[in-house]
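Trainee: Please read through the structure below; I'll follow up with questions.
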Amino acid sequence: MTTPPVAADPRQQSLMMRACRREPVERTPVWLMRQAGRYLPEYRAIREQVGFLELCKTPRLSAEVMIATVERLGVDAAIIFSDLLPLLEPMGLDLEFTAGEGPVIHNPVREAADVQRVRELADVDRVGFVMDTVAATRAGLPDSIPVIGFAGAPFTLAGYCIEAGTSKAWTLTKQFMYRHEAAWHDLLARIARAVSRYLVAQLDAGAQLVQLFDSWVGCLGPDDYRRYVLPHSRAALAEAARRAPVIHFASGNPALLPLLAEAGGSVIGIDWRIDLERGWEAVGFERAVQGNLDPIVLFADRQTVRQRTREVLARAGGRPGHIFNLGHGVLPGTPVENVLELIAAVKEG
Ligand code: 1CP
């Protein structure tokens with residue numbers, strides 16, 4: 001497939017794509033991590049009919065969920081409706097989403113030798129449903145709305161493989177990392193190669209950009225990030241970054257921001273634990289940034305939501321290259337009217 005030059009391609013001229021390239025925009029683009037999910041009654045209604053993994057594996061429904069969300073919220077980008085974890089299935093991990101408890105992996109990686117049974121993806125056919133979701137989502141939206149593909153970062157995916165699910169402190173993951181350094185690097189290299197292929201396949205299927213989620217890497221300090229994680233995140237991103245903008249997001253530790261930028265990404269995601277201006281300074285003003293309202297602010301009254309939204313915009317200081325988002329995903333139970341208030345406030349500037 002030949003790609004038209006940026007200036008001639010209407011899909012490259014949206015607010016979001018121009019902000020990724022740090023071009024001037026009429027107003028700040030806005031979308032929200034986890035913008036489709038359990039806080040939306042329409043989504044809960046669909047989930048009463050189908051299980052979560054089944055929904056992910058039904059591209060027509062997944063596309064419908066995200067298209068309806070984009071239309072309802074009036075956001076400037078559509079992340080595909082999928083999840084970080086289905087990629088682990090063709091890699092040999094036995095994944096289940098249990099009601100209420102979230103993801104469970106029935107054959108976790110616990111000993112160094114277990115890494116040998118983690119297969120890197122030779123091709124992406126077994127997650128072809130994700131590429132079909134990208135194509136169906138793209139087909140259902142106007143050129144002004146870019147479609148974002150995504151994957152979990154090597155650390156975050158390794159964390160799920162080792163813990164057998166989610167965790168608060170990622171203690172087993174860190175124990176594995178410190179005790180079995182060679183096997184750790186082997187595991188992350190396998191995951192990084194799979195993620196790289198997966199991101200490129202989503203771009204080939206029609207996504208305009210991709211986001212790498214390192215949701216839980218904030219449990220590490222900067223020296224450990226550099227030693228145990230950075231080379232693998234860099235490997236996961238490099239090929240996609242040659243073709244399209246990449247958003248590199250991590251949560252939990254602002255001290256990692258300069259290292260995230262070093263690993264790669266034309267846009268760096270910033271959480272609320274640092275103010276946006278200082279976070280941007282740490283990333284470097286030559287890159288775009290995405291963030292960073294605390295998602296729990298959305299549980300306050302509408303006036304507070306509006307005021308805190310304006311404060312984030314003020315911290316961006318009118319520099320080119322700010323994409324408004326939360327510092328992490330929308331939480332279940334968030335009042336929908338406050339999400340709409342936030343979006344209206346960003347659009348009013
Ligand atoms: O219906 C349900 O009960 C499932 C809830 C749900 C949903 C709606 C899960 C389970 N995943 C998703 C969708 C999802 N996940 C999207 C699609 C877009 C959207 O919702 O708008 C995306 C981009 C993700 C990415 C994702 N999955 C992340 C990264 C973002 C973040 O929040 O850091 C992570 C960590 C996951 C893992 C995951 N998926 C689901 C659960 C319960 C979990 C575990 C979370 C944890 O470890 O605590």
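Labeling convention for the structure tokens: chains A, B, ... as they appear, residues from 1 per chain, ligands from 1 in order of appearance.
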Would you please extract all alpha helix (DSSP H) residues from range 5-250 of chain A, as assigned by DSSP on the backbone, and give them as number ranges by chain?
Mentor: A: 15-20, 41-49, 52-56, 59-73, 128-139, 154-163, 171-179, 181-204, 222-224, 230-243
Trainee: Env of range 66-82 of chain A: 6 Å cut, atoms = only C-alpha atoms, seq-sep filter 6 positions within chain, self excluded. Answer as a PDB file with N, CA and C atoms, in the first residue's frame.
Mentor:
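The resulting part-v3.pdb:
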```pdb
ATOM      1  N   PRO A  29      -7.180  19.338  20.582  1.00  0.00           N
ATOM      2  CA  PRO A  29      -7.968  18.105  20.425  1.00  0.00           C
ATOM      3  C   PRO A  29      -8.117  17.372  21.753  1.00  0.00           C
ATOM      4  N   VAL A  30      -9.205  16.610  21.877  1.00  0.00           N
ATOM      5  CA  VAL A  30      -9.484  15.886  23.125  1.00  0.00           C
ATOM      6  C   VAL A  30     -10.048  14.504  22.821  1.00  0.00           C
ATOM      7  N   TRP A  31      -9.512  13.498  23.507  1.00  0.00           N
ATOM      8  CA  TRP A  31     -10.133  12.178  23.577  1.00  0.00           C
ATOM      9  C   TRP A  31      -9.766  11.633  24.946  1.00  0.00           C
ATOM     10  N   ALA A  36     -14.734   4.417  26.026  1.00  0.00           N
ATOM     11  CA  ALA A  36     -15.853   3.479  25.928  1.00  0.00           C
ATOM     12  C   ALA A  36     -15.676   2.480  27.056  1.00  0.00           C
ATOM     13  N   CYS A  56     -14.557  -8.314  22.133  1.00  0.00           N
ATOM     14  CA  CYS A  56     -13.292  -7.952  21.466  1.00  0.00           C
ATOM     15  C   CYS A  56     -13.100  -8.747  20.168  1.00  0.00           C
ATOM     16  N   ILE A 145     -11.686  12.182  12.114  1.00  0.00           N
ATOM     17  CA  ILE A 145     -11.486  11.414  13.358  1.00  0.00           C
ATOM     18  C   ILE A 145     -10.439  10.318  13.111  1.00  0.00           C
ATOM     19  N   PRO A 146      -9.215  10.500  13.605  1.00  0.00           N
ATOM     20  CA  PRO A 146      -8.224   9.433  13.433  1.00  0.00           C
ATOM     21  C   PRO A 146      -8.555   8.211  14.292  1.00  0.00           C
ATOM     22  N   VAL A 147      -8.165   7.057  13.795  1.00  0.00           N
ATOM     23  CA  VAL A 147      -8.311   5.812  14.550  1.00  0.00           C
ATOM     24  C   VAL A 147      -6.951   5.470  15.176  1.00  0.00           C
ATOM     25  N   ILE A 148      -6.984   5.230  16.484  1.00  0.00           N
ATOM     26  CA  ILE A 148      -5.765   4.915  17.234  1.00  0.00           C
ATOM     27  C   ILE A 148      -5.717   3.402  17.480  1.00  0.00           C
ATOM     28  N   GLY A 149      -4.688   2.736  16.999  1.00  0.00           N
ATOM     29  CA  GLY A 149      -4.429   1.349  17.386  1.00  0.00           C
ATOM     30  C   GLY A 149      -3.640   1.357  18.685  1.00  0.00           C
TER      31      GLY A 149
END
```
Trainee: What does the list of residues within 7 Å of ligand 1 look like if you count only C-alpha atoms and all ligand atoms, written as a list in words?
Mentor: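 I would give the residues around ligand 1 as Met33, Arg34, Gln35, Ala36, Gly37, Arg38, Arg47, Phe52, Ile79, Ile80, Phe81, Ser82, Asp83, Leu84, Leu85, Ala99, Glu101, Gly102, Pro103, Phe150, Gly152, Gly165, Thr166, Ser167, Phe213, Ser215, His328 and Gly329 of chain A.
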Trainee: Please return as a tab-separated table (two decimals) with N, CA, C and O atoms, in the first residue's frame: the residues of range 154-325 of chain A that backbone DSSP assigns to strand (DSSP E).
Mentor:
```tsv
chain	number	residue	atom	x	y	z
A	209	LEU	N	-2.53	6.26	13.80
A	209	LEU	CA	-1.45	6.33	14.80
A	209	LEU	C	-1.67	5.21	15.81
A	209	LEU	O	-2.70	4.53	15.77
A	210	VAL	N	-0.68	5.02	16.68
A	210	VAL	CA	-0.80	3.96	17.70
A	210	VAL	C	-0.35	4.50	19.06
A	210	VAL	O	0.43	5.44	19.13
A	211	GLN	N	-0.89	3.87	20.11
A	211	GLN	CA	-0.46	4.21	21.47
A	211	GLN	C	0.08	2.96	22.15
A	211	GLN	O	-0.53	1.89	22.09
A	212	LEU	N	1.21	3.13	22.82
A	212	LEU	CA	1.77	2.06	23.66
A	212	LEU	C	1.45	2.39	25.12
A	212	LEU	O	1.81	3.47	25.61
A	213	PHE	N	0.76	1.45	25.79
A	213	PHE	CA	0.37	1.67	27.20
A	213	PHE	C	1.35	0.96	28.12
A	213	PHE	O	1.37	-0.27	28.17
A	214	ASP	N	2.14	1.74	28.86
A	214	ASP	CA	2.94	1.13	29.94
A	214	ASP	C	2.30	1.51	31.27
A	214	ASP	O	2.86	2.24	32.09
A	246	VAL	N	3.42	8.02	17.22
A	246	VAL	CA	3.26	7.04	18.29
A	246	VAL	C	3.10	7.81	19.60
A	246	VAL	O	3.87	8.72	19.89
A	247	ILE	N	2.07	7.44	20.37
A	247	ILE	CA	1.88	7.99	21.71
A	247	ILE	C	2.45	6.98	22.70
A	247	ILE	O	2.06	5.81	22.68
A	248	HIS	N	3.35	7.42	23.55
A	248	HIS	CA	3.97	6.53	24.53
A	248	HIS	C	3.50	6.99	25.91
A	248	HIS	O	3.85	8.08	26.36
A	249	PHE	N	2.70	6.13	26.55
A	249	PHE	CA	2.06	6.50	27.82
A	249	PHE	C	2.55	5.61	28.95
A	249	PHE	O	2.65	4.39	28.80
A	250	ALA	N	2.84	6.23	30.08
A	250	ALA	CA	3.08	5.47	31.31
A	250	ALA	C	2.41	6.21	32.45
A	250	ALA	O	2.12	7.41	32.34
A	267	VAL	N	4.58	11.57	20.78
A	267	VAL	CA	3.71	12.16	21.80
A	267	VAL	C	3.95	11.36	23.08
A	267	VAL	O	3.93	10.13	23.06
A	268	ILE	N	4.16	12.06	24.20
A	268	ILE	CA	4.35	11.36	25.47
A	268	ILE	C	3.14	11.62	26.36
A	268	ILE	O	2.71	12.77	26.53
A	269	GLY	N	2.56	10.54	26.91
A	269	GLY	CA	1.42	10.65	27.82
A	269	GLY	C	1.90	10.97	29.22
A	269	GLY	O	2.84	10.35	29.72
A	288	ALA	N	5.34	16.42	21.32
A	288	ALA	CA	3.97	16.67	21.74
A	288	ALA	C	3.69	15.90	23.04
A	288	ALA	O	4.40	14.94	23.36
A	289	VAL	N	2.66	16.33	23.77
A	289	VAL	CA	2.28	15.63	25.00
A	289	VAL	C	0.77	15.42	25.04
A	289	VAL	O	0.01	16.15	24.39
A	290	GLN	N	0.37	14.43	25.84
A	290	GLN	CA	-1.04	14.09	26.01
A	290	GLN	C	-1.34	14.00	27.50
A	290	GLN	O	-0.63	13.34	28.22
A	291	GLY	N	-2.40	14.68	27.94
A	291	GLY	CA	-2.79	14.57	29.35
A	291	GLY	C	-3.53	15.81	29.82
A	291	GLY	O	-3.96	16.62	29.01
A	292	ASN	N	-3.64	15.94	31.12
A	292	ASN	CA	-3.28	15.06	32.21
A	292	ASN	C	-4.18	15.23	33.40
A	292	ASN	O	-3.74	15.14	34.54
A	293	LEU	N	-5.49	15.44	33.17
A	293	LEU	CA	-6.43	15.63	34.28
A	293	LEU	C	-6.59	14.33	35.08
A	293	LEU	O	-6.75	13.26	34.49
A	322	HIS	N	-0.29	19.97	22.18
A	322	HIS	CA	-0.98	19.42	23.36
A	322	HIS	C	-2.25	18.70	22.94
A	322	HIS	O	-3.09	19.27	22.25
A	323	ILE	N	-2.39	17.44	23.35
A	323	ILE	CA	-3.62	16.68	23.16
A	323	ILE	C	-4.23	16.51	24.54
A	323	ILE	O	-3.58	15.96	25.45
A	324	PHE	N	-5.47	16.99	24.72
A	324	PHE	CA	-6.10	16.87	26.04
A	324	PHE	C	-6.57	15.44	26.28
A	324	PHE	O	-7.17	14.81	25.42
A	325	ASN	N	-6.28	14.93	27.47
A	325	ASN	CA	-6.73	13.61	27.87
A	325	ASN	C	-6.72	13.59	29.39
A	325	ASN	O	-6.29	14.55	30.03
```
Trainee: Residues at most 9 Å from Arg287 in chain A, counting only C-alpha atoms, excluding those fewer than 3 positions away in the same chain, as a VMD selection string?
Mentor: chain A and resid 20 to 22 261 265 to 268 280 283 to 284 321
Trainee: Write a file of the selected residues as a short mmCIF file (atom, residue, chain, number, x, y, z; two decimals), in the first residue's frame, keeping N, CA and C atoms.
Mentor:
```cif
data_model
loop_
_atom_site.label_atom_id
_atom_site.label_comp_id
_atom_site.auth_asym_id
_atom_site.auth_seq_id
_atom_site.Cartn_x
_atom_site.Cartn_y
_atom_site.Cartn_z
N CYS A 20 -0.30 16.06 16.89
CA CYS A 20 0.79 15.08 17.03
C CYS A 20 2.07 15.58 16.35
N ARG A 21 1.89 16.30 15.24
CA ARG A 21 3.05 16.83 14.51
C ARG A 21 3.46 18.20 15.03
N ARG A 22 2.81 18.67 16.07
CA ARG A 22 3.06 19.98 16.67
C ARG A 22 2.83 21.13 15.70
N ALA A 261 10.58 9.39 26.82
CA ALA A 261 10.87 10.13 25.59
C ALA A 261 12.10 9.51 24.90
N GLY A 265 8.57 7.79 20.80
CA GLY A 265 7.21 8.33 20.82
C GLY A 265 7.25 9.79 20.41
N SER A 266 6.39 10.14 19.44
CA SER A 266 6.32 11.56 19.07
C SER A 266 5.41 12.31 20.04
N VAL A 267 4.58 11.57 20.78
CA VAL A 267 3.71 12.16 21.80
C VAL A 267 3.95 11.36 23.08
N ILE A 268 4.16 12.06 24.20
CA ILE A 268 4.35 11.36 25.47
C ILE A 268 3.14 11.62 26.36
N TRP A 280 5.86 18.47 30.67
CA TRP A 280 6.26 18.74 29.27
C TRP A 280 7.74 19.15 29.21
N VAL A 283 9.78 16.09 29.42
CA VAL A 283 9.74 15.34 28.16
C VAL A 283 10.60 16.04 27.11
N GLY A 284 10.57 17.39 27.16
CA GLY A 284 11.23 18.22 26.14
C GLY A 284 10.17 18.84 25.25
N GLY A 321 1.08 21.22 20.07
CA GLY A 321 1.39 19.83 20.41
C GLY A 321 0.81 19.35 21.71
#
```
Trainee: Please, what distance in Å, to one decimal, runs between CA of Val118 in chain A and CA of Gly92 in chain A?
Mentor: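 These two atoms are separated by 5.7 Å.
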Trainee: Give me, as a ChimeraX atom specification, all polymer residues having an atom no more than 10 Å from Arg243 in chain A, counting only C-alpha atoms and skipping those fewer than 6 positions away in the same chain.
Mentor: /A:3,200,203-204,208-209
Trainee: When distances are computed from only C-alpha atoms, which of A:Cys161, A:Ala192, A:Ala8, A:Leu230 shows the smallest separation from Arg110 in chain A?
Mentor: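 That would be A:Cys161, the residue with the smallest distance to Arg110 in chain A.
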Trainee: Leaving out Pro222 in chain A and any residue of its chain fewer than 3 positions from it, which residues lie within 8 Å of it when counting only C-alpha atoms, given as number ranges by chain?
Mentor: A: 225-226, 255-256, 259
Trainee: Would you put the residues from that selection into a file with N, CA and C atoms, as a short mmCIF file (atom, residue, chain, number, x, y, z; two decimals), in the first residue's frame?
Mentor:
```cif
data_model
loop_
_atom_site.label_atom_id
_atom_site.label_comp_id
_atom_site.auth_asym_id
_atom_site.auth_seq_id
_atom_site.Cartn_x
_atom_site.Cartn_y
_atom_site.Cartn_z
N TYR A 225 14.27 1.35 35.26
CA TYR A 225 13.60 1.49 33.96
C TYR A 225 14.64 1.45 32.85
N ARG A 226 15.73 2.18 33.05
CA ARG A 226 16.74 2.23 31.98
C ARG A 226 17.34 0.85 31.73
N ALA A 255 9.11 10.76 37.31
CA ALA A 255 10.58 10.75 37.14
C ALA A 255 10.98 9.94 35.91
N LEU A 256 10.05 9.13 35.38
CA LEU A 256 10.37 8.34 34.19
C LEU A 256 10.19 9.12 32.89
N LEU A 259 12.92 9.43 30.31
CA LEU A 259 13.32 8.11 29.80
C LEU A 259 12.30 7.55 28.82
#
```
Trainee: Pick out the closest residue to Gly317 in chain A from this set: A:Pro295, A:Pro10, A:Gly349, A:Gly128. Count only C-alpha atoms.
Mentor: A:Gly349
Trainee: So that I can see what lies close to Arg273 in chain A, please list as a PyMOL selection string the residues with an atom at most 10 Å from it, counting only C-alpha atoms and leaving out residues fewer than 4 positions away in the same chain.
Mentor: chain A and resi 251-255+279+292-294+327
